[in-house]
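Structure first, commentary second.
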Amino acid sequence: MRPILITGGAGSVGRQLAGMFLAEGRPVRIFDLPFMDFSGLEEEPNVEVVKGDITEKAAVEKAVDSVGGVLHLAALLPPTSERDRDKTFAVNVEGTRNISESLKSQQSSATLVFTSSISTYGDTSKEPDPIKINQPQNAIDIYAESKIAGEQILIGSGVNYVILRIASIAVPGFLEPPEPWPFTFDQRVEMVHRDDVADAIKSAVDTEEAVGNVFNIAGGSTWRLTGRDYVRDFFNFMGAPVEMAIFREKPGWNDWYDTAQSQKILNYQNRSYAYYSGEMKAIVEEMMAE
């Protein structure tokens, strides 16, 4: 059985996906920078670790060799992505080019799942909702610019690709509130549960019908709230006064999204906002009991 390659696989999402494939008895190949923490991966049966840099074509060719699919997670994310445009494009754009060209040179039929972002649409607060995949892309930061460029590489590459434009991810856990929040208080906001994102990525590499498509990945109707709603609930979970919240003065790139097609094909919207709220309350209650 050919392994599933996970670029950026030593990170939290990569490890989560690796665990999902391993639970099915499927081999995975983890590709990440040599200085990353690979503990719990190198000793695991059915796990192959390849250490290297996504910007180095020879390392990528080695990682891509004879794979059954590629989950391309490796990227520089905000705020790191905003500090050096050249470095961000080297990783997020040229790294993506290296993967697609390696697959093509090896005449591989493996599906490449590219984790893009709804940030590529930019400020859509004046557009009718929900935002569809044919909405013009209008980057308002370096990260979104790099993801648009990565998408364009894949669309013209000739490889089997699936592009996932992923919404803001809700992670169940005790977190420090961002300052400012990445949206205004009355902005439309639709997040997506971290585990639903993992389900979508895994489904994309396994579903033949997904190949050649661009999908919005967001939580679904129960997650369609406003910035005020999300922040109020967050502070209530944490037991802190909502007056502490600082919002953006101008709309960011959050909105509500058309996910009918992605849900139909990938079947990933498995955790409602109420489910997430229950998780958050349980986490805080457990902390308070300690």
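In the structure tokens, the first chain shown is A, the next is B, and so on; residue numbers restart at 1 for each chain, and ligands run from 1 in the order shown.
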
For this session: Show which residues sit within 6 Å of segment 108-112 of chain A, as number ranges by chain. Count only C-alpha atoms, and ignore same-chain residues fewer than 2 positions away.
Result: A: 68-70, 103, 106, 160-161, 205

Please run DSSP on the backbone and report, as a PDB file with C-alpha atoms, in the first residue's frame, all residues within segment 21-253 of chain A that come out as alpha helix (DSSP H).
```pdb
ATOM      1  CA  PHE A  21      -4.893   7.024   8.474  1.00  0.00           C
ATOM      2  CA  LEU A  22      -2.930   4.820  10.880  1.00  0.00           C
ATOM      3  CA  LYS A  57      13.302  20.406  -4.927  1.00  0.00           C
ATOM      4  CA  ALA A  58      15.513  17.351  -4.335  1.00  0.00           C
ATOM      5  CA  ALA A  59      14.055  16.883  -0.848  1.00  0.00           C
ATOM      6  CA  VAL A  60      10.528  17.234  -2.195  1.00  0.00           C
ATOM      7  CA  GLU A  61      11.147  14.715  -4.976  1.00  0.00           C
ATOM      8  CA  LYS A  62      12.300  12.201  -2.378  1.00  0.00           C
ATOM      9  CA  ALA A  63       9.233  12.850  -0.225  1.00  0.00           C
ATOM     10  CA  VAL A  64       6.805  12.538  -3.148  1.00  0.00           C
ATOM     11  CA  ARG A  85       7.000  38.392   1.594  1.00  0.00           C
ATOM     12  CA  ASP A  86       9.890  36.731  -0.237  1.00  0.00           C
ATOM     13  CA  LYS A  87      10.227  34.005   2.384  1.00  0.00           C
ATOM     14  CA  THR A  88       6.469  33.428   2.503  1.00  0.00           C
ATOM     15  CA  PHE A  89       6.309  33.067  -1.283  1.00  0.00           C
ATOM     16  CA  GLY A  95       7.050  24.851  -2.228  1.00  0.00           C
ATOM     17  CA  THR A  96       3.693  24.089  -3.819  1.00  0.00           C
ATOM     18  CA  ARG A  97       5.274  24.283  -7.268  1.00  0.00           C
ATOM     19  CA  ASN A  98       7.958  21.804  -6.166  1.00  0.00           C
ATOM     20  CA  ILE A  99       5.330  19.286  -5.094  1.00  0.00           C
ATOM     21  CA  SER A 100       3.230  19.586  -8.245  1.00  0.00           C
ATOM     22  CA  GLU A 101       6.273  19.396 -10.527  1.00  0.00           C
ATOM     23  CA  SER A 102       7.626  16.376  -8.643  1.00  0.00           C
ATOM     24  CA  LEU A 103       4.301  14.577  -9.020  1.00  0.00           C
ATOM     25  CA  LYS A 104       4.204  15.422 -12.714  1.00  0.00           C
ATOM     26  CA  SER A 105       7.805  14.368 -13.382  1.00  0.00           C
ATOM     27  CA  ILE A 142       0.690  38.391   2.109  1.00  0.00           C
ATOM     28  CA  TYR A 143      -0.623  35.011   3.273  1.00  0.00           C
ATOM     29  CA  ALA A 144      -3.735  35.272   1.096  1.00  0.00           C
ATOM     30  CA  GLU A 145      -1.606  36.456  -1.857  1.00  0.00           C
ATOM     31  CA  SER A 146       0.549  33.360  -1.499  1.00  0.00           C
ATOM     32  CA  LYS A 147      -2.445  31.033  -1.339  1.00  0.00           C
ATOM     33  CA  ILE A 148      -3.953  32.545  -4.492  1.00  0.00           C
ATOM     34  CA  ALA A 149      -0.632  32.016  -6.277  1.00  0.00           C
ATOM     35  CA  GLY A 150      -0.460  28.419  -4.987  1.00  0.00           C
ATOM     36  CA  GLU A 151      -3.959  27.702  -6.284  1.00  0.00           C
ATOM     37  CA  GLN A 152      -3.057  29.072  -9.718  1.00  0.00           C
ATOM     38  CA  ILE A 153      -0.018  26.799  -9.907  1.00  0.00           C
ATOM     39  CA  LEU A 154      -2.112  23.717  -9.214  1.00  0.00           C
ATOM     40  CA  ILE A 155      -4.957  24.618 -11.565  1.00  0.00           C
ATOM     41  CA  ARG A 194     -10.816  21.670  13.849  1.00  0.00           C
ATOM     42  CA  ASP A 195     -11.919  18.032  13.579  1.00  0.00           C
ATOM     43  CA  ASP A 196     -14.274  18.805  10.697  1.00  0.00           C
ATOM     44  CA  VAL A 197     -11.308  20.324   8.854  1.00  0.00           C
ATOM     45  CA  ALA A 198      -9.359  17.099   9.373  1.00  0.00           C
ATOM     46  CA  ASP A 199     -12.331  15.090   8.102  1.00  0.00           C
ATOM     47  CA  ALA A 200     -12.551  17.295   5.001  1.00  0.00           C
ATOM     48  CA  ILE A 201      -8.853  16.961   4.195  1.00  0.00           C
ATOM     49  CA  LYS A 202      -8.893  13.187   4.621  1.00  0.00           C
ATOM     50  CA  SER A 203     -12.056  12.831   2.569  1.00  0.00           C
ATOM     51  CA  ALA A 204     -10.603  14.984  -0.211  1.00  0.00           C
ATOM     52  CA  VAL A 205      -7.634  12.688  -0.798  1.00  0.00           C
ATOM     53  CA  ASP A 206      -9.868   9.606  -0.764  1.00  0.00           C
ATOM     54  CA  GLY A 227     -18.323  38.546  15.373  1.00  0.00           C
ATOM     55  CA  ARG A 228     -20.195  39.759  18.442  1.00  0.00           C
ATOM     56  CA  ASP A 229     -21.801  36.315  18.932  1.00  0.00           C
ATOM     57  CA  TYR A 230     -18.515  34.413  18.759  1.00  0.00           C
ATOM     58  CA  VAL A 231     -16.683  36.773  21.075  1.00  0.00           C
ATOM     59  CA  ARG A 232     -19.513  36.925  23.612  1.00  0.00           C
ATOM     60  CA  ASP A 233     -19.635  33.139  23.793  1.00  0.00           C
ATOM     61  CA  PHE A 234     -15.838  32.872  23.999  1.00  0.00           C
ATOM     62  CA  PHE A 235     -15.653  35.217  26.979  1.00  0.00           C
ATOM     63  CA  ASN A 236     -18.591  33.445  28.609  1.00  0.00           C
ATOM     64  CA  PHE A 237     -16.764  30.115  28.204  1.00  0.00           C
ATOM     65  CA  MET A 238     -13.662  31.619  29.794  1.00  0.00           C
TER      66      MET A 238
END
```

Exercise. What lies within 7 Å of Leu76 of chain A using only C-alpha atoms, ignoring chain neighbours under 3 positions off, as a list in words?
Worked result: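 Close residues of Leu76 of chain A: Thr80, Ser81, Thr88, Val91 and Asn92 of chain A.
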
Residues from last step as file, N, CA and C atoms, as an mmCIF file, in the first residue's frame:
```
data_model
loop_
_atom_site.group_PDB
_atom_site.id
_atom_site.type_symbol
_atom_site.label_atom_id
_atom_site.label_comp_id
_atom_site.auth_asym_id
_atom_site.auth_seq_id
_atom_site.Cartn_x
_atom_site.Cartn_y
_atom_site.Cartn_z
ATOM 1 N N THR A 80 3.510 35.165 11.072
ATOM 2 C CA THR A 80 4.848 34.955 10.510
ATOM 3 C C THR A 80 4.893 35.287 9.022
ATOM 4 N N SER A 81 3.838 34.933 8.304
ATOM 5 C CA SER A 81 3.801 35.149 6.856
ATOM 6 C C SER A 81 3.879 36.612 6.471
ATOM 7 N N THR A 88 7.810 34.034 2.547
ATOM 8 C CA THR A 88 6.469 33.428 2.503
ATOM 9 C C THR A 88 6.181 32.848 1.125
ATOM 10 N N VAL A 91 8.140 29.570 0.477
ATOM 11 C CA VAL A 91 7.555 28.389 1.129
ATOM 12 C C VAL A 91 6.179 28.062 0.542
ATOM 13 N N ASN A 92 5.287 29.041 0.570
ATOM 14 C CA ASN A 92 3.885 28.777 0.245
ATOM 15 C C ASN A 92 3.623 28.620 -1.251
#
```

Problem set entry | In segment 94-189 of chain A, DSSP strand (DSSP E or B) residues written as a list of chain:residue names | A:Thr111, A:Leu112, A:Val113, A:Phe114, A:Thr115, A:Ser116, A:Ser117, A:Ile131, A:Asn160, A:Tyr161, A:Val162, A:Ile163, A:Leu164, A:Arg165, A:Ile166, A:Ile169, A:Ala170, A:Trp181, A:Arg188, A:Val189

Store the residues picked out above in a file with C-alpha atoms, as a PDB file, in the first residue's frame.
```pdb
ATOM      1  CA  THR A 111      -4.281  13.338  -5.543  1.00  0.00           C
ATOM      2  CA  LEU A 112      -2.736  16.497  -4.099  1.00  0.00           C
ATOM      3  CA  VAL A 113      -4.925  18.199  -1.487  1.00  0.00           C
ATOM      4  CA  PHE A 114      -3.971  21.854  -1.116  1.00  0.00           C
ATOM      5  CA  THR A 115      -5.004  23.643   2.071  1.00  0.00           C
ATOM      6  CA  SER A 116      -5.883  27.129   0.885  1.00  0.00           C
ATOM      7  CA  SER A 117      -7.941  29.724   2.722  1.00  0.00           C
ATOM      8  CA  ILE A 131     -19.847  33.553  -0.468  1.00  0.00           C
ATOM      9  CA  ASN A 160      -4.803  15.651  -9.750  1.00  0.00           C
ATOM     10  CA  TYR A 161      -5.590  18.391  -7.243  1.00  0.00           C
ATOM     11  CA  VAL A 162      -8.251  19.333  -4.717  1.00  0.00           C
ATOM     12  CA  ILE A 163      -8.214  22.902  -3.369  1.00  0.00           C
ATOM     13  CA  LEU A 164      -9.773  23.505   0.043  1.00  0.00           C
ATOM     14  CA  ARG A 165     -10.455  27.127   0.997  1.00  0.00           C
ATOM     15  CA  ILE A 166     -10.679  26.692   4.742  1.00  0.00           C
ATOM     16  CA  ILE A 169     -10.707  27.148  12.572  1.00  0.00           C
ATOM     17  CA  ALA A 170     -12.321  26.793  16.002  1.00  0.00           C
ATOM     18  CA  TRP A 181     -10.186  39.765  16.910  1.00  0.00           C
ATOM     19  CA  ARG A 188     -20.684  37.796   9.369  1.00  0.00           C
ATOM     20  CA  VAL A 189     -18.482  34.990  10.686  1.00  0.00           C
TER      21      VAL A 189
END
```

Problem set entry | Which residue of A:Arg26, A:Arg2, A:Lys132, A:Arg15 approaches Asn46 of chain A most closely, using only C-alpha atoms | A:Arg26
